[in-house]
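Right, one structure below, let's go through it.
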Amino acid sequence: MTRPGRVEIWVFLILFGSYAYFWQSRDWNSASRLMLTYAMVDRGTITLNGLEDQTHDRAFFQSHFYTDKLPGFSMLATGPYALAKLVFRLPDHPLNVKGFSHWPADYWVTLGTSGLFSALTGALLFGLALELGCTNGRAALVGLAYGLSTPAYAYATMSYGHQASAFCLLASFALLWRTSGPKQSLRVGVAGILAAYASVIELQMGPVSAILGLYLLCQVIGGSRKPTTLGDFAVGAAIPTLLLLGYNQLAFGSPWDMGYFHHTTKEFADVHSEANPLGLRGPQAARALALLWGRHRGLLFYAPVVVLAPLGLISLWFQKQRGMAIVCLLTMASIFAVNLSYPEWTGGWSTGPRLLVPLLPFALLAVAGLLANGGRWVFRICLALAAAGGILMLMFVAIGARVPQDFLDPLFEVVIPIWKGETIPNWPGPPFARTALALLPGTFSSQILGDGGFAFAPLVLAQLAAIGLMSVRLRKRHA
């Protein structure tokens with residue numbers, strides 16, 4: 001039998017290599033986070049003065065510009081950025097210039113954060129699926145389906161916070177779920193750090209962080225963990241919390257103040273405020289169907305494999321993995337409920353329901369529970385759904401991974417026409433995303449592959465070859 005660690009590496013490399021192929025353009029959302037990273041590394045400051053024209057997702061306080069986002073993603077990105085500057089001798093980001101779409105450092109920062117954490121999440125899902133009883137092949141399907149067949153693929157190629165926060169939440173749960181093994185006190189402390197840091201990346205992940213804390217409390221009550229682990233988790237959670245409070249103090253003069261309270265763009269200032277940082281209103285039940293189905297922002301359309309998640313939750317329950325089933329259900333429900341209550345629920349320029357993306361690892365974990373005990377028909381259905389989602393996601397990621405919310409049928413109004421060579425009125429920039437080949441010297445990508453859909457043929461061939469080779473090796477080991 002193929003050693004699990006080797007298959008896990010296969011899953012990671014397939015996903016990471018897939019994300020590395022894309023060099024997406026900036027938008028306001030990603031640029032807001034990137035500018036804070038560049039300001040910290042280039043100039044040792046958290047102010048965006050001189051960089052403010054790169055984004056309108058910004059805050060203004062006492063004559064200084066700041067990102068309107070929480071600082072968690074930008075802080076994570078300082079490591080990849082500093083390393084890329086050292087290795088590739090990248091210049092500092094220019095100051096006082098109008099916004100532009102591509103900057104080489106963006107590619108390396110995005111790959112070292114969203115790309116890396118997405119690939120790690122896929123590999124972690126593989127490991128969890130294996131522990132639930134999946135074979136290597138089925139566990140690999142879970143990891144690859146997450147990374148290539150859901151909107152996680154799109155956001156792995158952009159500097160949004162969704163993929164980093166999703167990894168933090170899943171990794172925190174994995175550390176808590178695995179109650180055996182050495183150094184449990186340390187593991188629980190790290191789980192606390194990860195759970196809290198997810199909320200430092202995206203404030204709306206706060207309810208999920210609380211769910212993980214309650215899960216640990218239930219373990220203590222049930223006798224599977226020592227009461228002292230509650231303190232370990234609390235100490236770990238305090239570290240990123242203090243980091244956020246310290247940032248707020250430096251930027252806005254109070255640990256309880258934040259960028260959301262000082263928006264410069266009226267449409268966002270009307271949503272977020274000091275009294276309501278998340279901008280939540282009463283839940284709108286009418287949005288539920290639009291968020292679950294339909295070609296506009298339907299989760300099950302953009303991630304068809306998730307349709308198996310409800311059956312997976314039932315399967316986990318009967319496998320006596322009830323803690324996992326409850327955490328997955330509550331996590332998905334809480335993220336969904338926040339989106340129902342958010343006025344900008346469409347996510348703006350997005351691929352699918354952007355604000356639901358952090359629930360995807362937990363949905364795929366439920367699918368793993370179904371695959372662990374399902375017959376061949378379950379595997380075949382899952383494979384078919386993953387293949388359909390993979391084709392759909394590639395089409396979206398290749399055209400830039402973002403479609404304005406005003407298009408109610410993005411696939412047929414934008415994506416398919418672009419792939420057919422048609423012109424979309426008022427479409428910003430080139431029809432297709434830039435590939436990493438543009439980083440290479442010379443004009444290979446434009447002269448040999450062109451700038452159309454054929455530019456993604458090498459990626460697809462490499463993906464199919466890698467998945468095929470992995471499958472052949474698995475069959476030989478089982479023969």
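Naming works like this for the structure tokens: A, B, ... for the chains as they're shown, residue 1 at the start of each chain, ligands 1 onward in shown order.
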(message) Excluding A:Ala154 and its own-chain neighbours fewer than 5 positions away, which residues fall within 8 Å of it when counting only C-alpha atoms? Please give them as number ranges by chain.
(response) A: 351, 393, 396-397, 401
(request) Would you please give, as a PyMOL selection string, all residues of stretch 274-327 of chain A that DSSP assigns to helix (DSSP H, G or I) based on the backbone? (result) chain A and resi 286-292+299-302+304-318+322-327
Export of the given selection (C-alpha atoms) as a PDB file, in the first residue's frame:
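That gives us out.pdb:
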ATOM      1  CA  ALA A 286     -35.188  34.993   0.566  1.00  0.00           C
ATOM      2  CA  ARG A 287     -31.420  34.944   0.006  1.00  0.00           C
ATOM      3  CA  ALA A 288     -31.137  31.344   1.155  1.00  0.00           C
ATOM      4  CA  LEU A 289     -32.228  29.832  -2.147  1.00  0.00           C
ATOM      5  CA  ALA A 290     -30.029  32.210  -4.151  1.00  0.00           C
ATOM      6  CA  LEU A 291     -27.025  31.244  -2.022  1.00  0.00           C
ATOM      7  CA  LEU A 292     -27.705  27.516  -2.364  1.00  0.00           C
ATOM      8  CA  LEU A 299     -23.154  27.197  -3.733  1.00  0.00           C
ATOM      9  CA  LEU A 300     -24.323  23.876  -5.158  1.00  0.00           C
ATOM     10  CA  PHE A 301     -23.908  25.131  -8.712  1.00  0.00           C
ATOM     11  CA  TYR A 302     -20.338  26.363  -8.178  1.00  0.00           C
ATOM     12  CA  PRO A 304     -21.569  20.512  -7.023  1.00  0.00           C
ATOM     13  CA  VAL A 305     -19.678  18.021  -4.854  1.00  0.00           C
ATOM     14  CA  VAL A 306     -21.086  19.802  -1.784  1.00  0.00           C
ATOM     15  CA  VAL A 307     -24.506  18.315  -2.598  1.00  0.00           C
ATOM     16  CA  LEU A 308     -23.206  15.161  -0.865  1.00  0.00           C
ATOM     17  CA  ALA A 309     -22.436  16.982   2.398  1.00  0.00           C
ATOM     18  CA  PRO A 310     -25.835  16.401   4.075  1.00  0.00           C
ATOM     19  CA  LEU A 311     -25.539  12.660   3.491  1.00  0.00           C
ATOM     20  CA  GLY A 312     -21.979  12.904   4.766  1.00  0.00           C
ATOM     21  CA  LEU A 313     -23.125  14.480   8.023  1.00  0.00           C
ATOM     22  CA  ILE A 314     -25.568  11.615   8.520  1.00  0.00           C
ATOM     23  CA  SER A 315     -22.823   9.126   7.742  1.00  0.00           C
ATOM     24  CA  LEU A 316     -20.492  10.750  10.279  1.00  0.00           C
ATOM     25  CA  TRP A 317     -23.216  10.558  12.910  1.00  0.00           C
ATOM     26  CA  PHE A 318     -23.713   6.845  12.421  1.00  0.00           C
ATOM     27  CA  ARG A 322     -20.779  12.922  16.239  1.00  0.00           C
ATOM     28  CA  GLY A 323     -18.480  15.673  17.440  1.00  0.00           C
ATOM     29  CA  MET A 324     -17.120  16.106  13.930  1.00  0.00           C
ATOM     30  CA  ALA A 325     -20.620  16.049  12.438  1.00  0.00           C
ATOM     31  CA  ILE A 326     -21.874  18.714  14.854  1.00  0.00           C
ATOM     32  CA  VAL A 327     -18.857  20.994  14.356  1.00  0.00           C
TER      33      VAL A 327
END
(request) Show which residues sit within 10 Å of stretch 236-249 of chain A, as a VMD selection string. Count only C-alpha atoms, and ignore same-chain residues fewer than 6 positions away. (result) chain A and resid 46 70 to 72 186 to 201 209 213 230 255 to 259
Could you pull out the residues in stretch 6-207 of chain A that DSSP calls strand (DSSP E) from the backbone, as an mmCIF file with C-alpha atoms, in the first residue's frame?
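Below is the file that was written, part_9.cif:
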data_model
loop_
_atom_site.group_PDB
_atom_site.id
_atom_site.type_symbol
_atom_site.label_atom_id
_atom_site.label_comp_id
_atom_site.auth_asym_id
_atom_site.auth_seq_id
_atom_site.Cartn_x
_atom_site.Cartn_y
_atom_site.Cartn_z
ATOM 1 C CA PHE A 22 -2.212 31.951 -12.511
ATOM 2 C CA TRP A 23 -1.211 35.568 -12.062
ATOM 3 C CA ARG A 58 -9.400 51.912 2.570
ATOM 4 C CA ALA A 59 -9.827 53.813 5.808
ATOM 5 C CA PHE A 60 -8.827 57.397 6.622
ATOM 6 C CA PHE A 61 -7.969 58.487 10.162
ATOM 7 C CA HIS A 64 -3.407 58.850 7.302
ATOM 8 C CA PHE A 65 -4.746 56.124 5.032
ATOM 9 C CA TYR A 66 -5.060 52.528 6.270
ATOM 10 C CA THR A 67 -6.458 49.296 4.949
#
(request) Point out the residue among A:Leu15, A:Ile381, A:Ala166, A:Ala171 with the least atom-to-atom distance to A:Gly127, counting only C-alpha atoms. (result)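 That would be A:Ala171, the residue with the smallest distance to A:Gly127.
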